[in-house]
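What follows is final.cif (mmCIF, C-alpha atoms (C1' of nucleotides)).
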```cif
data_upload
#
loop_
_atom_site.label_atom_id
_atom_site.label_comp_id
_atom_site.auth_asym_id
_atom_site.auth_seq_id
_atom_site.Cartn_x
_atom_site.Cartn_y
_atom_site.Cartn_z
CA MET A 1 5.09 16.65 -17.88
CA PHE A 2 4.70 13.03 -18.84
CA VAL A 3 5.40 10.65 -16.04
CA MET A 4 5.80 7.07 -17.12
CA ALA A 5 3.46 4.59 -15.54
CA THR A 6 6.22 2.30 -14.44
CA THR A 7 4.10 -0.44 -12.98
CA THR A 8 0.64 -1.70 -12.39
CA THR A 9 -2.34 0.35 -13.39
CA PHE A 10 -4.99 1.03 -10.77
CA PRO A 11 -6.93 -0.62 -9.17
CA ASP A 12 -3.95 -2.35 -7.72
CA VAL A 13 -4.29 -5.50 -5.64
CA PHE A 14 -1.06 -4.74 -3.80
CA HIS A 15 -2.44 -1.39 -2.79
CA ALA A 16 -5.79 -2.87 -1.77
CA ILE A 17 -4.16 -5.27 0.69
CA ALA A 18 -1.68 -2.72 2.01
CA ASP A 19 -4.21 -1.61 4.60
CA GLY A 20 -4.54 -3.79 7.68
CA ASN A 21 -8.23 -3.11 8.12
CA ARG A 22 -8.87 -4.29 4.58
CA ARG A 23 -6.91 -7.49 5.19
CA LYS A 24 -8.92 -8.00 8.35
CA LEU A 25 -12.12 -7.55 6.36
CA MET A 26 -10.99 -10.22 3.93
CA ASP A 27 -10.13 -12.54 6.79
CA LEU A 28 -13.53 -12.03 8.36
CA LEU A 29 -15.16 -12.86 5.05
CA GLY A 30 -12.91 -15.90 4.78
CA THR A 31 -15.27 -17.73 7.12
CA GLY A 32 -18.23 -16.94 4.88
CA GLU A 33 -20.51 -14.35 3.39
CA LYS A 34 -21.48 -11.54 5.77
CA PRO A 35 -23.53 -8.32 5.80
CA VAL A 36 -21.72 -5.05 6.50
CA GLN A 37 -23.14 -4.64 9.99
CA GLU A 38 -21.63 -7.96 10.98
CA LEU A 39 -18.23 -6.81 9.71
CA VAL A 40 -18.41 -3.40 11.36
CA ARG A 41 -18.77 -5.03 14.78
CA HIS A 42 -15.12 -6.08 14.67
CA PHE A 43 -13.77 -2.55 14.16
CA ASP A 44 -13.59 0.74 16.01
CA ILE A 45 -14.14 2.84 12.93
CA SER A 46 -17.38 4.09 11.39
CA PHE A 47 -19.82 2.19 9.23
CA ALA A 48 -18.98 4.58 6.39
CA ALA A 49 -15.26 3.84 6.69
CA ILE A 50 -15.90 0.10 6.42
CA SER A 51 -18.13 0.66 3.42
CA GLN A 52 -15.33 2.64 1.78
CA HIS A 53 -12.80 -0.10 2.49
CA LEU A 54 -15.19 -2.60 0.96
CA ASN A 55 -15.38 -0.39 -2.12
CA VAL A 56 -11.61 -0.51 -2.47
CA LEU A 57 -11.59 -4.29 -2.10
CA ARG A 58 -14.41 -4.57 -4.58
CA ALA A 59 -12.61 -2.35 -7.11
CA ALA A 60 -9.64 -4.68 -6.82
CA GLY A 61 -11.93 -7.65 -7.37
CA LEU A 62 -11.10 -9.12 -3.98
CA VAL A 63 -14.66 -9.16 -2.65
CA SER A 64 -18.09 -9.29 -4.24
CA ARG A 65 -21.52 -8.60 -2.87
CA ARG A 66 -25.11 -9.55 -3.46
CA ALA A 67 -28.28 -7.90 -2.24
CA GLU A 68 -30.57 -9.63 0.20
CA GLY A 69 -33.32 -7.27 1.22
CA ARG A 70 -31.75 -4.11 2.54
CA LYS A 71 -28.61 -6.01 3.39
CA ARG A 72 -25.55 -6.40 1.24
CA LEU A 73 -23.87 -9.72 1.69
CA TYR A 74 -20.17 -9.58 0.99
CA ARG A 75 -17.99 -12.53 0.24
CA VAL A 76 -14.33 -12.92 -0.52
CA THR A 77 -13.33 -13.56 -4.16
CA PRO A 78 -9.57 -13.52 -3.78
CA THR A 79 -8.43 -14.89 -7.10
CA ALA A 80 -6.53 -11.65 -7.72
CA LEU A 81 -4.36 -12.50 -4.72
CA ARG A 82 -2.71 -15.02 -6.95
CA GLU A 83 -0.62 -12.18 -8.37
CA VAL A 84 0.65 -11.39 -4.89
CA HIS A 85 1.21 -15.01 -4.03
CA ASP A 86 3.13 -15.61 -7.24
CA TRP A 87 5.27 -12.55 -6.77
CA THR A 88 6.29 -13.53 -3.24
CA GLU A 89 6.74 -17.13 -4.31
CA GLN A 90 9.88 -16.29 -6.27
CA TYR A 91 11.53 -15.18 -3.03
CA ARG A 92 10.56 -18.23 -1.05
CA GLU A 93 13.98 -19.83 -1.26
CA PHE A 94 15.29 -16.94 0.82
CA TRP A 95 13.32 -17.83 3.90
CA GLN A 96 13.74 -21.53 3.33
CA GLY A 97 17.19 -22.98 3.83
CA ARG A 98 20.64 -21.66 3.19
CA LEU A 99 20.02 -18.29 1.58
CA ASP A 100 18.16 -17.03 4.61
CA GLU A 101 20.99 -18.11 6.89
CA LEU A 102 23.47 -16.33 4.65
CA GLY A 103 21.28 -13.22 4.69
CA ARG A 104 21.09 -13.19 8.46
CA TYR A 105 24.83 -13.66 8.71
CA LEU A 106 25.53 -10.78 6.36
CA GLU A 107 23.12 -8.54 8.22
CA ARG A 108 24.87 -9.29 11.49
CA GLN A 109 28.17 -8.36 9.88
CA GLU A 110 26.77 -5.04 8.72
CA ALA A 111 25.21 -4.26 12.06
CA GLU A 112 28.61 -4.77 13.63
CA ASP A 113 30.73 -2.49 11.52
CA LYS A 114 27.92 0.09 11.12
CA LYS A 115 29.18 1.11 7.70
CA GLY A 116 27.07 3.69 5.85
CA ASP A 117 24.63 4.81 8.54
CA MET B 1 -7.98 -22.36 8.61
CA PHE B 2 -8.23 -18.60 8.36
CA VAL B 3 -5.70 -16.70 10.37
CA MET B 4 -6.64 -13.14 11.20
CA ALA B 5 -4.31 -10.41 10.00
CA THR B 6 -3.95 -7.91 12.80
CA THR B 7 -3.62 -4.31 11.64
CA THR B 8 0.15 -4.28 11.54
CA THR B 9 2.25 -1.52 13.04
CA PHE B 10 4.72 0.32 10.85
CA PRO B 11 7.10 -0.42 9.20
CA ASP B 12 4.71 -2.63 7.38
CA VAL B 13 5.84 -5.10 4.75
CA PHE B 14 2.47 -4.94 3.01
CA HIS B 15 2.86 -1.18 2.70
CA ALA B 16 6.45 -1.47 1.51
CA ILE B 17 5.48 -3.70 -1.40
CA ALA B 18 2.35 -1.73 -2.27
CA ASP B 19 4.40 0.52 -4.53
CA GLY B 20 5.25 -0.84 -7.96
CA ASN B 21 8.60 0.90 -8.14
CA ARG B 22 9.62 -0.72 -4.89
CA ARG B 23 8.61 -4.15 -6.16
CA LYS B 24 10.59 -3.48 -9.29
CA LEU B 25 13.60 -2.57 -7.16
CA MET B 26 13.32 -5.87 -5.33
CA ASP B 27 13.03 -7.74 -8.59
CA LEU B 28 16.13 -6.01 -9.94
CA LEU B 29 18.01 -7.00 -6.81
CA GLY B 30 16.70 -10.53 -7.18
CA THR B 31 19.40 -11.17 -9.76
CA GLY B 32 22.09 -10.04 -7.34
CA GLU B 33 23.63 -7.26 -5.32
CA LYS B 34 23.72 -3.88 -7.09
CA PRO B 35 24.80 -0.28 -6.46
CA VAL B 36 22.15 2.44 -6.56
CA GLN B 37 23.29 3.91 -9.87
CA GLU B 38 22.74 0.54 -11.52
CA LEU B 39 19.18 0.44 -10.14
CA VAL B 40 18.38 4.03 -11.10
CA ARG B 41 19.09 3.24 -14.75
CA HIS B 42 15.87 1.24 -14.94
CA PHE B 43 13.62 4.10 -13.81
CA ASP B 44 12.52 7.51 -15.00
CA ILE B 45 12.54 9.05 -11.55
CA SER B 46 15.34 10.81 -9.72
CA PHE B 47 18.26 9.26 -7.91
CA ALA B 48 16.87 10.73 -4.68
CA ALA B 49 13.49 9.09 -5.21
CA ILE B 50 15.14 5.69 -5.65
CA SER B 51 17.20 6.25 -2.54
CA GLN B 52 14.02 7.03 -0.62
CA HIS B 53 12.31 3.90 -1.92
CA LEU B 54 15.34 1.89 -0.84
CA ASN B 55 15.00 3.44 2.61
CA VAL B 56 11.41 2.21 2.83
CA LEU B 57 12.42 -1.27 1.75
CA ARG B 58 15.28 -1.24 4.19
CA ALA B 59 13.01 -0.13 7.04
CA ALA B 60 10.77 -3.10 6.23
CA GLY B 61 13.81 -5.37 6.27
CA LEU B 62 13.33 -6.32 2.64
CA VAL B 63 16.73 -5.12 1.44
CA SER B 64 20.10 -4.62 3.07
CA ARG B 65 23.17 -2.74 1.96
CA ARG B 66 26.88 -2.77 2.42
CA ALA B 67 29.46 -0.13 1.63
CA GLU B 68 32.06 -0.65 -1.04
CA GLY B 69 34.06 2.51 -1.51
CA ARG B 70 31.64 5.28 -2.27
CA LYS B 71 29.12 2.82 -3.53
CA ARG B 72 26.34 1.19 -1.55
CA LEU B 73 25.64 -2.31 -2.68
CA TYR B 74 22.05 -3.33 -2.06
CA ARG B 75 20.77 -6.85 -1.95
CA VAL B 76 17.39 -8.35 -1.39
CA THR B 77 16.69 -9.91 2.03
CA PRO B 78 13.06 -10.84 1.55
CA THR B 79 12.42 -13.09 4.53
CA ALA B 80 9.73 -10.69 5.69
CA LEU B 81 7.79 -11.49 2.52
CA ARG B 82 6.95 -14.75 4.18
CA GLU B 83 4.21 -12.93 6.07
CA VAL B 84 2.68 -11.87 2.76
CA HIS B 85 3.13 -15.27 1.20
CA ASP B 86 1.53 -16.99 4.18
CA TRP B 87 -1.38 -14.59 4.25
CA THR B 88 -2.18 -15.10 0.59
CA GLU B 89 -1.59 -18.82 0.89
CA GLN B 90 -4.77 -19.29 2.91
CA TYR B 91 -6.77 -18.08 -0.07
CA ARG B 92 -5.05 -20.30 -2.59
CA GLU B 93 -7.92 -22.79 -2.77
CA PHE B 94 -10.03 -20.00 -4.26
CA TRP B 95 -7.99 -19.71 -7.41
CA GLN B 96 -7.36 -23.42 -7.60
CA GLY B 97 -10.29 -25.61 -8.42
CA ARG B 98 -13.96 -25.44 -7.62
CA LEU B 99 -14.24 -22.39 -5.39
CA ASP B 100 -12.88 -20.14 -8.09
CA GLU B 101 -15.37 -21.50 -10.61
CA LEU B 102 -18.16 -20.93 -8.14
CA GLY B 103 -16.93 -17.40 -7.52
CA ARG B 104 -16.86 -16.61 -11.21
CA TYR B 105 -20.33 -18.06 -11.65
CA LEU B 106 -21.73 -15.96 -8.83
CA GLU B 107 -20.07 -12.83 -10.17
CA ARG B 108 -21.64 -13.39 -13.57
CA GLN B 109 -25.02 -13.74 -11.90
CA GLU B 110 -24.55 -10.43 -10.10
CA ALA B 111 -23.35 -8.66 -13.18
CA GLU B 112 -26.53 -9.77 -14.93
CA ASP B 113 -29.13 -8.60 -12.46
CA LYS B 114 -27.12 -5.49 -11.49
CA LYS B 115 -28.54 -5.49 -7.98
CA GLY B 116 -27.20 -2.84 -5.61
CA ASP B 117 -25.20 -0.63 -7.96
"C1'" DC C 1 -48.23 6.42 4.95
"C1'" DA C 2 -44.22 7.32 8.43
"C1'" DT C 3 -40.44 5.55 10.58
"C1'" DA C 4 -36.68 2.37 11.44
"C1'" DT C 5 -33.00 -0.21 9.35
"C1'" DA C 6 -28.98 -1.12 6.22
"C1'" DT C 7 -25.88 0.79 3.46
"C1'" DT C 8 -23.64 4.11 0.32
"C1'" DT C 9 -22.20 8.57 -1.17
"C1'" DA C 10 -20.74 13.33 -0.38
"C1'" DA C 11 -17.93 16.61 1.57
"C1'" DG C 12 -14.37 17.89 4.43
"C1'" DT C 13 -9.83 17.17 7.03
"C1'" DA C 14 -5.31 15.86 8.75
"C1'" DA C 15 -1.73 12.71 7.74
"C1'" DT C 16 0.99 10.35 4.62
"C1'" DC C 17 2.50 9.60 -0.11
"C1'" DA C 18 5.73 9.78 -4.09
"C1'" DC C 19 7.98 12.75 -6.07
"C1'" DT C 20 11.10 17.14 -6.95
"C1'" DT C 21 15.48 20.14 -6.50
"C1'" DA C 22 19.12 21.58 -3.61
"C1'" DA C 23 22.31 20.89 -0.07
"C1'" DA C 24 25.08 17.70 2.67
"C1'" DT C 25 28.12 13.69 3.33
"C1'" DG C 26 31.61 10.71 2.22
"C1'" DT C 27 35.06 8.66 -1.00
"C1'" DC C 28 38.25 8.48 -4.76
"C1'" DA C 29 41.72 10.28 -7.84
"C1'" DA C 30 44.72 13.89 -10.00
"C1'" DT D 1 43.82 20.00 -1.82
"C1'" DT D 2 40.55 20.27 -5.37
"C1'" DG D 3 37.07 18.42 -7.81
"C1'" DA D 4 34.34 14.62 -9.58
"C1'" DC D 5 31.57 10.81 -8.12
"C1'" DA D 6 28.01 8.06 -5.34
"C1'" DT D 7 24.58 8.49 -2.36
"C1'" DT D 8 21.65 10.39 1.30
"C1'" DT D 9 19.09 13.91 3.61
"C1'" DA D 10 16.39 18.14 3.75
"C1'" DA D 11 12.74 20.83 2.38
"C1'" DG D 12 8.91 21.59 -0.29
"C1'" DT D 13 4.73 20.27 -3.29
"C1'" DG D 14 0.56 18.19 -5.10
"C1'" DA D 15 -1.96 13.87 -4.90
"C1'" DT D 16 -3.84 10.38 -2.31
"C1'" DT D 17 -4.97 8.26 2.00
"C1'" DA D 18 -8.03 6.91 5.85
"C1'" DC D 19 -10.95 8.66 8.35
"C1'" DT D 20 -15.08 11.77 10.02
"C1'" DT D 21 -20.12 13.47 10.05
"C1'" DA D 22 -24.09 14.38 7.39
"C1'" DA D 23 -27.09 13.54 3.71
"C1'" DA D 24 -28.94 10.31 0.35
"C1'" DT D 25 -30.95 5.91 -1.12
"C1'" DA D 26 -33.36 1.90 -0.70
"C1'" DT D 27 -35.98 -1.56 1.77
"C1'" DA D 28 -38.76 -3.41 5.57
"C1'" DT D 29 -42.30 -2.78 9.12
"C1'" DG D 30 -46.04 -0.82 11.93
#
```

Once more with this new file: its structure as structure tokens, please.
Amino acid sequence: MFVMATTTTFPDVFHAIADGNRRKLMDLLGTGEKPVQELVRHFDISFAAISQHLNVLRAAGLVSRRAEGRKRLYRVTPTALREVHDWTEQYREFWQGRLDELGRYLERQEAEDKKGD
Amino acid sequence: MFVMATTTTFPDVFHAIADGNRRKLMDLLGTGEKPVQELVRHFDISFAAISQHLNVLRAAGLVSRRAEGRKRLYRVTPTALREVHDWTEQYREFWQGRLDELGRYLERQEAEDKKGD
DNA sequence: CATATATTTAAGTAATCACTTAAATGTCAA
DNA sequence: TTGACATTTAAGTGATTACTTAAATATATG
């Protein structure tokens, strides 16, 4: 029947960056615009697979491309990452200062009395 | 400047937060420790599905739980989000200031001459 | 022109995904 | 002890994933 779309509609930035190869692609483009062949060199997967990953990134708005002859030059346009950055930002206090210490302490406690596993 | 993201081995924090329901779970726990039934109330999916999502978050270290009677109290332990925050951080300059403007300008240019689509 | 180069798209596959319902586990309370 | 409650685990399903190879498209070069 009807399933409620609880959260973000596709294409989802969080999904786009979930894949390590796609993050690596973005990082490679972080040093500047590059053609696909130059990107492919850094991976063990096929040209087609890289092209598909670039499609996903492009659908999420994270990269753009321009034509130069038969080449396609990709560059990173990561403004959409702001959503991710902002979302994680609200948790920053947990890994900075007291709350993190408290968290680690509580986790140790749980590990010790192995309750609920 | 740009730090390469290696294709992470599972359990992967980026994967854990890729799902909107899981992010929503974390956000609900952000206001404090809660039993599963209290979390389930905010979703249209089954108790079991929520429990499974909590398992994924727990495997990624993003939440922890403790037993209290027959209840399991979950709380957010989002230190691992630091990896995500740090990764996005390196792109921050793109949505702040000139680079973003340049990016938008270039995208408009591409949209106009529809090259390579 | 024909052929090489650069890339994308199509089609197929195995693995993983997010869910479901049902059964299992553990705890509380009469 | 019996039964309700709180949650997890098991088993199954359809959709989506990340890849593959092959074919298609488009451009450059001899």

**OP:** To one decimal in Å, tell me the separation between atom CA of Asp44 of chain B and atom CA of His15 of chain B.
**Re:**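 Separation between atom CA of Asp44 of chain B and atom CA of His15 of chain B: 22.0 Å.
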
Subject >> B:Trp87, B:Val56, B:Phe47, B:Val36 ranked by distance to chain A, top pick (using all atoms listed in the file) >> reply: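 Among the listed residues, B:Trp87 lies closest to chain A.
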
Subject >> Residue hits in chain D, query chain A, radius 12 Å, all atoms listed in the file, as a list of chain:residue names >> reply: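 Every residue of chain D that passes the 12 Å test is in D:DT7, D:DT8, D:DT9, D:DT16, D:DT17, D:DA18, D:DC19, D:DT20, D:DT21, D:DA22, D:DT25, D:DA26, D:DT27, D:DA28.
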
Go ahead and dump the residues you just picked, C-alpha atoms (C1' of nucleotides), as a compact mmCIF listing (two decimals), keeping the file's coordinate frame.
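Generated output (part_1.txt):
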```
# COMPACT_ATOMS: atom_id res chain seq x y z
C1' DT D 7 24.58 8.49 -2.36
C1' DT D 8 21.65 10.39 1.30
C1' DT D 9 19.09 13.91 3.61
C1' DT D 16 -3.84 10.38 -2.31
C1' DT D 17 -4.97 8.26 2.00
C1' DA D 18 -8.03 6.91 5.85
C1' DC D 19 -10.95 8.66 8.35
C1' DT D 20 -15.08 11.77 10.02
C1' DT D 21 -20.12 13.47 10.05
C1' DA D 22 -24.09 14.38 7.39
C1' DT D 25 -30.95 5.91 -1.12
C1' DA D 26 -33.36 1.90 -0.70
C1' DT D 27 -35.98 -1.56 1.77
C1' DA D 28 -38.76 -3.41 5.57
```

**OP:** Quick one: apply the PyMOL selection byres ((chain C) within 10 of (chain B)) to the file and drop the selected residues here as a list in words.
**Re:**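 Checking the PyMOL selection byres ((chain C) within 10 of (chain B)) against this file, the residues are DT7, DT8, DA18, DC19, DT20, DT21, DG26, DT27 and DC28 of chain C.
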
Residues of chain A that have any atom at most 6 Å from an atom of chain B: could you tabulate them with the shortest-distance atom pair and the distance in Å to one decimal, using only C-alpha atoms, ordered by chain and increasing number, as JSON lines?
```
{"residue": "A:Thr7", "atom": "CA", "partner": "B:Gly20", "partner_atom": "CA", "distance": 5.2}
{"residue": "A:Phe14", "atom": "CA", "partner": "B:Ala18", "partner_atom": "CA", "distance": 4.8}
{"residue": "A:His15", "atom": "CA", "partner": "B:Ala18", "partner_atom": "CA", "distance": 4.8}
{"residue": "A:Ala18", "atom": "CA", "partner": "B:Phe14", "partner_atom": "CA", "distance": 4.8}
{"residue": "A:Gly20", "atom": "CA", "partner": "B:Thr7", "partner_atom": "CA", "distance": 4.1}
{"residue": "A:Asn21", "atom": "CA", "partner": "B:Thr7", "partner_atom": "CA", "distance": 5.9}
{"residue": "A:Lys24", "atom": "CA", "partner": "B:Ala5", "partner_atom": "CA", "distance": 5.5}
{"residue": "A:Asp27", "atom": "CA", "partner": "B:Met4", "partner_atom": "CA", "distance": 5.7}
{"residue": "A:Thr79", "atom": "CA", "partner": "B:Trp95", "partner_atom": "CA", "distance": 4.8}
{"residue": "A:His85", "atom": "CA", "partner": "B:His85", "partner_atom": "CA", "distance": 5.6}
{"residue": "A:Thr88", "atom": "CA", "partner": "B:His85", "partner_atom": "CA", "distance": 5.7}
{"residue": "A:Trp95", "atom": "CA", "partner": "B:Thr79", "partner_atom": "CA", "distance": 4.9}
```

**OP:** State, in Å with one decimal place, the distance from atom CA of Ala59 of chain A to atom CA of Ala60 of chain B.
**Re:**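 Computing it gives 26.9 Å between the two atoms.
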